[in-house]
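Colleague: Sharing a structure, written as structure tokens. Questions coming.
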Amino acid sequence: MVTFIEEFGLIWGAFLATLSLTAVSGVLALVWGTVLAAFRVSPIGPLRTFGTLYVEIVRNTPLTLMFFFWVFVAPSVGMVLPLGFWPAVVALSMYTSSFVCEALRSGVNSVGIGQAEAARSVGMTFTQTLMRVVLPQAWRSAIPPLISVLIALTKNTSVAAGFAFTELVAISFRLANRHPADVIEIVMGVGLMYLLITIPLGIAAQQVERRVAFAR
Amino acid sequence: MSAASSVLYDIPGPKAKRRDVVYNIVFTAFFVALLGYLAYAFYQRGIFDDRWSVLWDPPKGQTAADVWHALVVRGLGATMLATVIAAPLAVILGGALSVLRRGLRNRLGSASATIVTEIFRGLPVLLMMVLARLGFGWSGLASVVFGLVVYNMAVVAEILRAGLAALPAGQREAGLSIGLSTMRTTILIEMPQAVRIMLPALVSQLVVLLKDSSLGYIIGYSELLRQIRLQRDYFGDRYMIPVFLVGAAIYITINVLVSRLAIWLEGRMRSSSHVAKADDGEPPMHEGGAEAARMTATHGRGAGDFPGT
């Protein structure tokens, strides 16, 4: 406990780094994932193919491989990102966006078939059906899985530790070297910091889910 | 794909068909142009020169067999070894956790099973691996397996919980009314059905487990990604791209195959009449609940997909 308190300044800095990495890549992933989801339900074939291919490839790629690509491979084809924060943001948001897309799409799919049919039968166009009838309902059932995606993202930021970005896990490596006797205590402390983010998010997801269950 | 999206718009008439043809041509041309530009840019940087020979006639006195042996036998072998050890352990422990959570009459016991599940689901896999590696001083393989088992055990427990919740209430009532204890009702009656319903989600969790084994790269277990890195360090940065692409292709192929298996299982289950289903009102316009199941598998929580608790 003593080491954890003594080194809390470092850990707090790393916690903020994890938090900012989560926030920046979370926002980017939400935007890009929404675009992908629109691609995947759109009536235009090539866009659908692109969305499907992207999601299928990215979702079956390990995140570590993604980081590896942006840190070691991309520079040799001329895409050089400054080491540390930005490769992590790019890798994480590209990876997470495929899960955001699937969450939104399964939200769209969970809207009753009669809703879209009713909308079309009163003469609404594709855009109107999507914007006025389907999406408002899809959002509701998409929010709990979207929160789960954000929880997964929070945990996934830890991969950045292996690629030169100092966040919580990287700091626990450093502290473990400095205090070899207290590794277990340090890891537990760092774990607590993660739970500080993930558990409130999980509770929020459950609350929303309960409300959605009533709204149906 | 088209089954789900065609609900959003009408079957195209002659005008819409013409418009669609135009859109198709425009966007296809756009993507082809983009690919062409990328290929040209790569060509300018000399990506298509003799560096690909590393795959069949590598420099520095190595043979192609050495490279492929390192990648496939040592790299992929180590990845699969960790997966094959971790997956059964995670399923067994996760099953035990969810049985305890459901079957124990003792509130304290089932609450502690809940807490274990929630805590291990909320921690990064990498942190658990660091704990085993630096905290317990275990070997690379043991640490990777530890991290994978601890996390996936919690996720499996959560998947099975969703499966148990989706069963019709009559199953449990029937078990209790013929005099079985809650524990035996859970193990003998509910669990076999829950495993069956959630089999697709469990199989997709295998993809997650396999992907996470690549975290071994960070804590110094020489699996596939580490082998890719070693090849790069040995041959130099110039030979990075061919080796990386081979490694990525291996990962993606295996994962896509396992995902397909999950989708196939899902389809079979859907058409089977032997699977217990909870009654829920209007059928959603799903083309594959596999997507939803995979969401649950990956993130531990569904999109409210399991009504009728």
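Chain labels run A, B, ... following the order of the structure tokens; each chain numbers its residues from 1, and ligands are numbered from 1 in the order shown.
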Counting only C-alpha atoms, what is within 8 Å of stretch 159-163 of chain A, bar same-chain residues fewer than 3 positions away, as number ranges by chain?
Modeller: A: 63-64, 67-68, 71, 84, 88, 156, 166-170; B: 126, 215, 218
Colleague: DSSP on the backbone, then: every residue of stretch 41-207 of chain A marked alpha helix (DSSP H), written as a compact mmCIF listing (two decimals) with N, CA, C and O atoms, in the first residue's frame.
Modeller:
# COMPACT_ATOMS: atom_id res chain seq x y z
N VAL A 41 -25.76 -0.42 -44.40
CA VAL A 41 -27.19 -0.59 -44.64
C VAL A 41 -27.64 0.20 -45.87
O VAL A 41 -28.82 0.19 -46.21
N GLY A 45 -24.34 -0.63 -53.65
CA GLY A 45 -23.55 -1.84 -53.56
C GLY A 45 -22.10 -1.66 -53.16
O GLY A 45 -21.65 -2.27 -52.19
N PRO A 46 -21.33 -0.84 -53.88
CA PRO A 46 -19.91 -0.73 -53.57
C PRO A 46 -19.65 -0.27 -52.14
O PRO A 46 -18.73 -0.77 -51.49
N LEU A 47 -20.48 0.65 -51.64
CA LEU A 47 -20.30 1.11 -50.26
C LEU A 47 -20.53 -0.04 -49.29
O LEU A 47 -19.80 -0.21 -48.32
N ARG A 48 -21.58 -0.84 -49.57
CA ARG A 48 -21.86 -1.99 -48.71
C ARG A 48 -20.69 -2.96 -48.71
O ARG A 48 -20.28 -3.43 -47.66
N THR A 49 -20.15 -3.22 -49.89
CA THR A 49 -19.01 -4.14 -49.98
C THR A 49 -17.84 -3.61 -49.18
O THR A 49 -17.20 -4.35 -48.42
N PHE A 50 -17.57 -2.30 -49.34
CA PHE A 50 -16.45 -1.70 -48.61
C PHE A 50 -16.65 -1.88 -47.10
O PHE A 50 -15.75 -2.34 -46.40
N GLY A 51 -17.85 -1.52 -46.61
CA GLY A 51 -18.13 -1.63 -45.18
C GLY A 51 -17.96 -3.06 -44.68
O GLY A 51 -17.33 -3.30 -43.66
N THR A 52 -18.52 -4.01 -45.44
CA THR A 52 -18.44 -5.40 -45.02
C THR A 52 -16.99 -5.88 -44.97
O THR A 52 -16.57 -6.49 -43.98
N LEU A 53 -16.23 -5.56 -46.01
CA LEU A 53 -14.83 -5.99 -46.06
C LEU A 53 -14.05 -5.40 -44.89
O LEU A 53 -13.31 -6.10 -44.20
N TYR A 54 -14.23 -4.09 -44.69
CA TYR A 54 -13.51 -3.41 -43.62
C TYR A 54 -13.78 -4.08 -42.28
O TYR A 54 -12.87 -4.46 -41.55
N VAL A 55 -15.09 -4.24 -41.97
CA VAL A 55 -15.44 -4.80 -40.67
C VAL A 55 -14.92 -6.22 -40.52
O VAL A 55 -14.35 -6.61 -39.50
N GLU A 56 -15.08 -7.00 -41.60
CA GLU A 56 -14.68 -8.41 -41.53
C GLU A 56 -13.17 -8.53 -41.29
O GLU A 56 -12.73 -9.33 -40.48
N ILE A 57 -12.38 -7.70 -41.99
CA ILE A 57 -10.92 -7.80 -41.84
C ILE A 57 -10.49 -7.27 -40.48
O ILE A 57 -9.77 -7.94 -39.73
N VAL A 58 -10.96 -6.07 -40.14
CA VAL A 58 -10.48 -5.44 -38.91
C VAL A 58 -10.89 -6.24 -37.67
O VAL A 58 -10.11 -6.40 -36.74
N ARG A 59 -12.11 -6.79 -37.70
CA ARG A 59 -12.57 -7.49 -36.52
C ARG A 59 -11.82 -8.79 -36.30
O ARG A 59 -11.75 -9.29 -35.19
N LEU A 63 -5.58 -6.68 -32.12
CA LEU A 63 -5.27 -5.26 -31.93
C LEU A 63 -3.76 -5.04 -31.89
O LEU A 63 -3.26 -4.03 -32.38
N THR A 64 -3.05 -6.00 -31.31
CA THR A 64 -1.59 -5.85 -31.22
C THR A 64 -0.98 -5.75 -32.62
O THR A 64 -0.05 -4.99 -32.86
N LEU A 65 -1.55 -6.52 -33.56
CA LEU A 65 -1.07 -6.50 -34.95
C LEU A 65 -1.33 -5.12 -35.56
O LEU A 65 -0.51 -4.59 -36.32
N MET A 66 -2.48 -4.54 -35.21
CA MET A 66 -2.84 -3.21 -35.67
C MET A 66 -1.82 -2.17 -35.21
O MET A 66 -1.34 -1.36 -35.99
N PHE A 67 -1.50 -2.21 -33.92
CA PHE A 67 -0.48 -1.32 -33.37
C PHE A 67 0.83 -1.54 -34.09
O PHE A 67 1.51 -0.59 -34.48
N PHE A 68 1.20 -2.81 -34.24
CA PHE A 68 2.45 -3.17 -34.90
C PHE A 68 2.51 -2.56 -36.28
O PHE A 68 3.53 -2.01 -36.70
N PHE A 85 1.51 8.80 -28.82
CA PHE A 85 0.06 8.97 -28.72
C PHE A 85 -0.66 8.67 -30.03
O PHE A 85 -1.63 7.90 -30.06
N TRP A 86 -0.19 9.22 -31.15
CA TRP A 86 -0.99 9.18 -32.38
C TRP A 86 -1.11 7.81 -33.02
O TRP A 86 -2.21 7.44 -33.44
N PRO A 87 -0.02 7.03 -33.08
CA PRO A 87 -0.24 5.65 -33.60
C PRO A 87 -1.26 4.90 -32.77
O PRO A 87 -2.10 4.17 -33.31
N ALA A 88 -1.23 5.13 -31.44
CA ALA A 88 -2.19 4.45 -30.57
C ALA A 88 -3.61 4.89 -30.90
O ALA A 88 -4.52 4.06 -31.00
N VAL A 89 -3.80 6.21 -31.11
CA VAL A 89 -5.14 6.70 -31.43
C VAL A 89 -5.63 6.10 -32.75
O VAL A 89 -6.77 5.61 -32.84
N VAL A 90 -4.75 6.09 -33.76
CA VAL A 90 -5.16 5.58 -35.06
C VAL A 90 -5.51 4.10 -34.96
O VAL A 90 -6.58 3.65 -35.42
N ALA A 91 -4.63 3.31 -34.34
CA ALA A 91 -4.87 1.87 -34.25
C ALA A 91 -6.16 1.60 -33.47
O ALA A 91 -7.01 0.81 -33.92
N LEU A 92 -6.31 2.27 -32.32
CA LEU A 92 -7.48 1.99 -31.48
C LEU A 92 -8.77 2.41 -32.16
O LEU A 92 -9.77 1.68 -32.12
N SER A 93 -8.76 3.58 -32.83
CA SER A 93 -10.05 4.01 -33.40
C SER A 93 -10.39 3.20 -34.64
O SER A 93 -11.57 2.91 -34.88
N MET A 94 -9.38 2.80 -35.41
CA MET A 94 -9.68 1.93 -36.56
C MET A 94 -10.26 0.60 -36.10
O MET A 94 -11.20 0.07 -36.69
N TYR A 95 -9.68 0.06 -35.02
CA TYR A 95 -10.11 -1.24 -34.51
C TYR A 95 -11.51 -1.12 -33.91
O TYR A 95 -12.41 -1.90 -34.23
N THR A 96 -11.71 -0.12 -33.05
CA THR A 96 -12.97 0.01 -32.33
C THR A 96 -14.13 0.35 -33.25
O THR A 96 -15.26 -0.06 -33.02
N SER A 97 -13.83 1.11 -34.34
CA SER A 97 -14.92 1.54 -35.22
C SER A 97 -15.66 0.34 -35.80
O SER A 97 -16.87 0.42 -36.02
N SER A 98 -14.96 -0.79 -36.03
CA SER A 98 -15.66 -1.94 -36.60
C SER A 98 -16.68 -2.49 -35.60
O SER A 98 -17.75 -2.96 -35.98
N PHE A 99 -16.36 -2.39 -34.29
CA PHE A 99 -17.31 -2.87 -33.29
C PHE A 99 -18.46 -1.89 -33.12
O PHE A 99 -19.61 -2.29 -32.90
N VAL A 100 -18.14 -0.58 -33.23
CA VAL A 100 -19.20 0.42 -33.18
C VAL A 100 -20.18 0.18 -34.32
O VAL A 100 -21.40 0.19 -34.13
N CYS A 101 -19.63 -0.07 -35.51
CA CYS A 101 -20.47 -0.32 -36.68
C CYS A 101 -21.41 -1.49 -36.43
O CYS A 101 -22.61 -1.41 -36.69
N GLU A 102 -20.88 -2.58 -35.88
CA GLU A 102 -21.70 -3.76 -35.66
C GLU A 102 -22.76 -3.51 -34.59
O GLU A 102 -23.88 -4.00 -34.70
N ALA A 103 -22.40 -2.72 -33.57
CA ALA A 103 -23.38 -2.41 -32.52
C ALA A 103 -24.54 -1.63 -33.11
O ALA A 103 -25.72 -1.93 -32.86
N LEU A 104 -24.22 -0.62 -33.93
CA LEU A 104 -25.27 0.19 -34.54
C LEU A 104 -26.10 -0.64 -35.49
O LEU A 104 -27.33 -0.53 -35.54
N ARG A 105 -25.43 -1.51 -36.25
CA ARG A 105 -26.16 -2.28 -37.24
C ARG A 105 -27.10 -3.28 -36.56
O ARG A 105 -28.23 -3.49 -37.00
N SER A 106 -26.61 -3.88 -35.45
CA SER A 106 -27.52 -4.82 -34.77
C SER A 106 -28.65 -4.04 -34.11
O SER A 106 -29.74 -4.56 -33.94
N GLY A 107 -28.39 -2.75 -33.77
CA GLY A 107 -29.47 -1.90 -33.28
C GLY A 107 -30.52 -1.68 -34.35
O GLY A 107 -31.72 -1.81 -34.10
N VAL A 108 -30.06 -1.38 -35.56
CA VAL A 108 -30.98 -1.18 -36.68
C VAL A 108 -31.77 -2.47 -36.92
O VAL A 108 -32.98 -2.45 -37.13
N ASN A 109 -31.06 -3.60 -36.83
CA ASN A 109 -31.73 -4.88 -37.08
C ASN A 109 -32.74 -5.23 -36.00
O ASN A 109 -33.65 -6.02 -36.25
N SER A 110 -32.57 -4.66 -34.80
CA SER A 110 -33.46 -5.05 -33.71
C SER A 110 -34.79 -4.28 -33.76
O SER A 110 -35.71 -4.61 -33.03
N ILE A 113 -39.73 -5.24 -37.77
CA ILE A 113 -39.81 -5.16 -39.23
C ILE A 113 -41.01 -4.30 -39.65
O ILE A 113 -40.98 -3.58 -40.65
N GLY A 114 -42.09 -4.32 -38.82
CA GLY A 114 -43.29 -3.55 -39.13
C GLY A 114 -43.05 -2.05 -39.13
O GLY A 114 -43.73 -1.31 -39.84
N GLN A 115 -42.08 -1.60 -38.31
CA GLN A 115 -41.81 -0.16 -38.23
C GLN A 115 -41.36 0.38 -39.58
O GLN A 115 -41.88 1.38 -40.07
N ALA A 116 -40.38 -0.32 -40.18
CA ALA A 116 -39.87 0.15 -41.47
C ALA A 116 -40.94 0.01 -42.54
O ALA A 116 -41.10 0.88 -43.40
N GLU A 117 -41.71 -1.07 -42.45
CA GLU A 117 -42.76 -1.28 -43.45
C GLU A 117 -43.82 -0.19 -43.35
O GLU A 117 -44.26 0.37 -44.37
N ALA A 118 -44.19 0.14 -42.10
CA ALA A 118 -45.19 1.19 -41.91
C ALA A 118 -44.68 2.51 -42.49
O ALA A 118 -45.40 3.24 -43.17
N ALA A 119 -43.41 2.81 -42.20
CA ALA A 119 -42.83 4.06 -42.68
C ALA A 119 -42.87 4.10 -44.21
O ALA A 119 -43.22 5.12 -44.81
N ARG A 120 -42.52 3.00 -44.83
CA ARG A 120 -42.49 2.99 -46.29
C ARG A 120 -43.91 3.07 -46.86
O ARG A 120 -44.15 3.70 -47.88
N SER A 121 -44.85 2.45 -46.14
CA SER A 121 -46.20 2.42 -46.69
C SER A 121 -46.89 3.77 -46.59
O SER A 121 -47.84 4.04 -47.30
N PHE A 126 -35.98 6.35 -48.31
CA PHE A 126 -34.98 5.63 -47.53
C PHE A 126 -34.44 6.50 -46.40
O PHE A 126 -34.39 6.10 -45.25
N THR A 127 -34.05 7.74 -46.77
CA THR A 127 -33.47 8.64 -45.77
C THR A 127 -34.48 8.95 -44.68
O THR A 127 -34.14 8.93 -43.49
N GLN A 128 -35.72 9.23 -45.07
CA GLN A 128 -36.73 9.54 -44.05
C GLN A 128 -36.99 8.35 -43.14
O GLN A 128 -37.07 8.50 -41.93
N LEU A 135 -33.72 4.88 -36.99
CA LEU A 135 -32.58 5.25 -36.15
C LEU A 135 -32.98 5.67 -34.73
O LEU A 135 -32.33 5.24 -33.77
N PRO A 136 -34.03 6.49 -34.54
CA PRO A 136 -34.39 6.86 -33.17
C PRO A 136 -34.65 5.64 -32.28
O PRO A 136 -34.32 5.65 -31.10
N GLN A 137 -35.22 4.59 -32.87
CA GLN A 137 -35.44 3.38 -32.08
C GLN A 137 -34.19 2.54 -31.98
O GLN A 137 -33.95 1.88 -30.97
N ALA A 138 -33.39 2.56 -33.06
CA ALA A 138 -32.17 1.75 -33.06
C ALA A 138 -31.20 2.25 -32.00
O ALA A 138 -30.56 1.46 -31.31
N TRP A 139 -31.12 3.57 -31.86
CA TRP A 139 -30.21 4.15 -30.87
C TRP A 139 -30.42 3.55 -29.51
O TRP A 139 -29.49 3.19 -28.82
N ARG A 140 -31.71 3.46 -29.12
CA ARG A 140 -32.03 2.99 -27.79
C ARG A 140 -31.43 1.63 -27.53
O ARG A 140 -30.80 1.42 -26.52
N SER A 141 -31.62 0.71 -28.46
CA SER A 141 -31.09 -0.63 -28.17
C SER A 141 -29.61 -0.72 -28.51
O SER A 141 -28.96 -1.68 -28.15
N ALA A 142 -29.07 0.31 -29.18
CA ALA A 142 -27.64 0.25 -29.49
C ALA A 142 -26.79 0.81 -28.37
O ALA A 142 -25.60 0.55 -28.32
N ILE A 143 -27.42 1.60 -27.45
CA ILE A 143 -26.58 2.25 -26.43
C ILE A 143 -25.89 1.26 -25.48
O ILE A 143 -24.69 1.38 -25.27
N PRO A 144 -26.59 0.24 -24.94
CA PRO A 144 -25.85 -0.68 -24.06
C PRO A 144 -24.66 -1.35 -24.75
O PRO A 144 -23.57 -1.33 -24.19
N PRO A 145 -24.82 -1.92 -25.96
CA PRO A 145 -23.62 -2.49 -26.57
C PRO A 145 -22.57 -1.44 -26.90
O PRO A 145 -21.37 -1.74 -26.84
N LEU A 146 -23.00 -0.19 -27.21
CA LEU A 146 -21.99 0.84 -27.46
C LEU A 146 -21.18 1.12 -26.20
O LEU A 146 -19.96 1.30 -26.27
N ILE A 147 -21.86 1.14 -25.06
CA ILE A 147 -21.12 1.33 -23.80
C ILE A 147 -20.16 0.17 -23.59
O ILE A 147 -19.02 0.36 -23.17
N SER A 148 -20.61 -1.05 -23.93
CA SER A 148 -19.70 -2.20 -23.80
C SER A 148 -18.49 -2.02 -24.70
O SER A 148 -17.37 -2.37 -24.32
N VAL A 149 -18.70 -1.46 -25.89
CA VAL A 149 -17.58 -1.21 -26.79
C VAL A 149 -16.62 -0.23 -26.15
O VAL A 149 -15.39 -0.40 -26.21
N LEU A 150 -17.17 0.80 -25.49
CA LEU A 150 -16.30 1.78 -24.82
C LEU A 150 -15.53 1.14 -23.67
O LEU A 150 -14.36 1.47 -23.45
N ILE A 151 -16.19 0.23 -22.94
CA ILE A 151 -15.49 -0.47 -21.86
C ILE A 151 -14.33 -1.27 -22.44
O ILE A 151 -13.20 -1.23 -21.94
N ALA A 152 -14.62 -1.99 -23.53
CA ALA A 152 -13.56 -2.77 -24.17
C ALA A 152 -12.43 -1.85 -24.64
O ALA A 152 -11.25 -2.18 -24.51
N LEU A 153 -12.82 -0.67 -25.15
CA LEU A 153 -11.80 0.27 -25.62
C LEU A 153 -10.90 0.71 -24.47
O LEU A 153 -9.67 0.74 -24.60
N THR A 154 -11.52 1.01 -23.31
CA THR A 154 -10.73 1.41 -22.15
C THR A 154 -9.68 0.37 -21.82
O THR A 154 -8.52 0.68 -21.56
N LYS A 155 -10.12 -0.91 -21.85
CA LYS A 155 -9.16 -1.97 -21.53
C LYS A 155 -8.14 -2.13 -22.64
O LYS A 155 -6.97 -2.40 -22.40
N ASN A 156 -8.59 -1.92 -23.89
CA ASN A 156 -7.67 -2.11 -25.01
C ASN A 156 -6.57 -1.05 -25.08
O ASN A 156 -5.54 -1.30 -25.69
N LEU A 168 -1.32 3.40 -18.12
CA LEU A 168 -1.31 2.71 -16.83
C LEU A 168 -0.44 1.45 -16.81
O LEU A 168 0.32 1.23 -15.88
N VAL A 169 -0.57 0.61 -17.86
CA VAL A 169 0.21 -0.63 -17.83
C VAL A 169 1.69 -0.34 -18.01
O VAL A 169 2.55 -0.96 -17.35
N ALA A 170 2.01 0.64 -18.88
CA ALA A 170 3.41 1.00 -19.07
C ALA A 170 4.02 1.49 -17.75
O ALA A 170 5.16 1.15 -17.41
N ILE A 171 3.21 2.28 -16.99
CA ILE A 171 3.74 2.79 -15.73
C ILE A 171 3.90 1.64 -14.74
O ILE A 171 4.81 1.65 -13.92
N SER A 172 3.04 0.62 -14.83
CA SER A 172 3.22 -0.49 -13.89
C SER A 172 4.46 -1.31 -14.24
O SER A 172 5.11 -1.85 -13.35
N PHE A 173 4.81 -1.38 -15.54
CA PHE A 173 6.10 -1.98 -15.91
C PHE A 173 7.24 -1.22 -15.22
O PHE A 173 8.12 -1.81 -14.60
N ARG A 174 7.18 0.13 -15.36
CA ARG A 174 8.28 0.93 -14.83
C ARG A 174 8.36 0.80 -13.31
O ARG A 174 9.45 0.60 -12.75
N LEU A 175 7.21 0.88 -12.64
CA LEU A 175 7.21 0.78 -11.19
C LEU A 175 7.63 -0.61 -10.74
O LEU A 175 8.28 -0.76 -9.70
N ALA A 176 7.27 -1.63 -11.54
CA ALA A 176 7.67 -2.99 -11.17
C ALA A 176 9.19 -3.13 -11.20
O ALA A 176 9.78 -3.83 -10.39
N ASN A 177 9.83 -2.43 -12.15
CA ASN A 177 11.29 -2.46 -12.17
C ASN A 177 11.88 -1.75 -10.97
O ASN A 177 12.89 -2.16 -10.42
N ARG A 178 11.21 -0.66 -10.57
CA ARG A 178 11.76 0.13 -9.47
C ARG A 178 11.54 -0.56 -8.12
O ARG A 178 12.36 -0.48 -7.24
N VAL A 183 5.38 -5.86 -6.74
CA VAL A 183 4.72 -5.89 -8.05
C VAL A 183 3.23 -6.17 -7.91
O VAL A 183 2.40 -5.50 -8.54
N ILE A 184 2.90 -7.14 -7.05
CA ILE A 184 1.49 -7.54 -6.94
C ILE A 184 0.65 -6.36 -6.46
O ILE A 184 -0.43 -6.08 -7.01
N GLU A 185 1.19 -5.64 -5.49
CA GLU A 185 0.48 -4.48 -4.96
C GLU A 185 0.29 -3.42 -6.05
O GLU A 185 -0.79 -2.84 -6.19
N ILE A 186 1.34 -3.18 -6.84
CA ILE A 186 1.26 -2.17 -7.90
C ILE A 186 0.21 -2.56 -8.93
O ILE A 186 -0.63 -1.75 -9.33
N VAL A 187 0.25 -3.84 -9.33
CA VAL A 187 -0.70 -4.29 -10.35
C VAL A 187 -2.12 -4.17 -9.83
O VAL A 187 -3.03 -3.74 -10.54
N MET A 188 -2.32 -4.51 -8.53
CA MET A 188 -3.66 -4.38 -7.98
C MET A 188 -4.11 -2.93 -7.96
O MET A 188 -5.26 -2.61 -8.28
N GLY A 189 -3.18 -2.02 -7.62
CA GLY A 189 -3.51 -0.61 -7.61
C GLY A 189 -3.91 -0.12 -8.99
O GLY A 189 -4.92 0.58 -9.17
N VAL A 190 -3.10 -0.52 -9.99
CA VAL A 190 -3.39 -0.10 -11.37
C VAL A 190 -4.72 -0.69 -11.83
O VAL A 190 -5.53 -0.01 -12.48
N GLY A 191 -4.95 -1.94 -11.45
CA GLY A 191 -6.22 -2.58 -11.78
C GLY A 191 -7.40 -1.80 -11.23
O GLY A 191 -8.41 -1.62 -11.90
N LEU A 192 -7.22 -1.29 -10.00
CA LEU A 192 -8.25 -0.49 -9.38
C LEU A 192 -8.57 0.75 -10.21
O LEU A 192 -9.73 1.15 -10.36
N MET A 193 -7.51 1.35 -10.77
CA MET A 193 -7.72 2.55 -11.60
C MET A 193 -8.55 2.20 -12.83
O MET A 193 -9.37 3.00 -13.28
N TYR A 194 -8.30 1.01 -13.39
CA TYR A 194 -9.10 0.60 -14.56
C TYR A 194 -10.56 0.39 -14.16
O TYR A 194 -11.48 0.82 -14.84
N LEU A 195 -10.74 -0.29 -13.01
CA LEU A 195 -12.12 -0.55 -12.56
C LEU A 195 -12.86 0.75 -12.30
O LEU A 195 -14.07 0.84 -12.45
N LEU A 196 -12.08 1.79 -11.91
CA LEU A 196 -12.67 3.12 -11.68
C LEU A 196 -13.36 3.62 -12.94
O LEU A 196 -14.33 4.37 -12.87
N ILE A 197 -12.84 3.24 -14.11
CA ILE A 197 -13.50 3.64 -15.36
C ILE A 197 -14.54 2.61 -15.78
O ILE A 197 -15.66 2.96 -16.15
N THR A 198 -14.17 1.32 -15.73
CA THR A 198 -15.02 0.32 -16.37
C THR A 198 -16.29 0.01 -15.58
O THR A 198 -17.33 -0.21 -16.17
N ILE A 199 -16.20 -0.02 -14.25
CA ILE A 199 -17.38 -0.43 -13.48
C ILE A 199 -18.51 0.59 -13.58
O ILE A 199 -19.66 0.22 -13.84
N PRO A 200 -18.22 1.93 -13.43
CA PRO A 200 -19.33 2.89 -13.63
C PRO A 200 -19.95 2.77 -15.02
O PRO A 200 -21.19 2.82 -15.15
N LEU A 201 -19.12 2.58 -16.04
CA LEU A 201 -19.66 2.42 -17.39
C LEU A 201 -20.57 1.20 -17.47
O LEU A 201 -21.64 1.24 -18.07
N GLY A 202 -20.13 0.10 -16.83
CA GLY A 202 -20.94 -1.11 -16.84
C GLY A 202 -22.28 -0.91 -16.16
O GLY A 202 -23.32 -1.36 -16.66
N ILE A 203 -22.27 -0.19 -15.03
CA ILE A 203 -23.52 0.06 -14.31
C ILE A 203 -24.45 0.91 -15.18
O ILE A 203 -25.65 0.65 -15.29
N ALA A 204 -23.85 1.93 -15.84
CA ALA A 204 -24.64 2.78 -16.73
C ALA A 204 -25.30 1.93 -17.81
O ALA A 204 -26.49 2.10 -18.12
N ALA A 205 -24.53 0.99 -18.38
CA ALA A 205 -25.08 0.14 -19.44
C ALA A 205 -26.26 -0.66 -18.93
O ALA A 205 -27.29 -0.78 -19.60
N GLN A 206 -26.13 -1.18 -17.69
CA GLN A 206 -27.23 -1.98 -17.14
C GLN A 206 -28.49 -1.13 -16.94
O GLN A 206 -29.59 -1.57 -17.23
N GLN A 207 -28.28 0.11 -16.44
CA GLN A 207 -29.41 1.00 -16.23
C GLN A 207 -30.14 1.25 -17.54
O GLN A 207 -31.36 1.12 -17.63
Colleague: Point out the residue among B:Gly147, B:Gly163, B:Pro242, B:Gly179 with the least atom-to-atom distance to B:Ser98, counting only C-alpha atoms.
Modeller: B:Gly163
Colleague: Of the residues A:Val31, A:Met131, A:Val77, A:Val208, which is the one nearest to chain B, using only C-alpha atoms?
Modeller: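 Closest candidate: A:Val77.
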Colleague: For B:Gly46, work out the shell of residues within 10 Å, counting only C-alpha atoms and skipping chain neighbours fewer than 5 positions away, then give it as JSON, numbers by chain.
Modeller: {"A": [77], "B": [40, 41, 51, 238]}
Colleague: With N, CA, C and O atoms retained, could you export that selection as a PDB file, in the first residue's frame?
Modeller:
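Result went into again_22.pdb, see below:
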ATOM      1  N   VAL A  77       6.082   2.526 -45.664  1.00  0.00           N
ATOM      2  CA  VAL A  77       5.388   2.941 -46.885  1.00  0.00           C
ATOM      3  C   VAL A  77       5.114   4.436 -46.850  1.00  0.00           C
ATOM      4  O   VAL A  77       4.267   4.937 -47.579  1.00  0.00           O
TER       5      VAL A  77
ATOM      6  N   TYR B  40       0.234   2.765 -57.009  1.00  0.00           N
ATOM      7  CA  TYR B  40       1.233   3.597 -57.655  1.00  0.00           C
ATOM      8  C   TYR B  40       2.180   4.204 -56.621  1.00  0.00           C
ATOM      9  O   TYR B  40       3.404   4.193 -56.794  1.00  0.00           O
ATOM     10  N   ALA B  41       1.588   4.689 -55.511  1.00  0.00           N
ATOM     11  CA  ALA B  41       2.416   5.287 -54.466  1.00  0.00           C
ATOM     12  C   ALA B  41       3.388   4.257 -53.898  1.00  0.00           C
ATOM     13  O   ALA B  41       4.559   4.548 -53.658  1.00  0.00           O
ATOM     14  N   ARG B  51      12.349  -7.274 -52.663  1.00  0.00           N
ATOM     15  CA  ARG B  51      12.265  -7.580 -51.240  1.00  0.00           C
ATOM     16  C   ARG B  51      11.337  -8.756 -50.952  1.00  0.00           C
ATOM     17  O   ARG B  51      11.454  -9.407 -49.929  1.00  0.00           O
ATOM     18  N   ARG B 238      13.694  -3.284 -44.578  1.00  0.00           N
ATOM     19  CA  ARG B 238      13.293  -3.413 -45.972  1.00  0.00           C
ATOM     20  C   ARG B 238      12.404  -4.631 -46.190  1.00  0.00           C
ATOM     21  O   ARG B 238      11.523  -4.615 -47.045  1.00  0.00           O
TER      22      ARG B 238
END
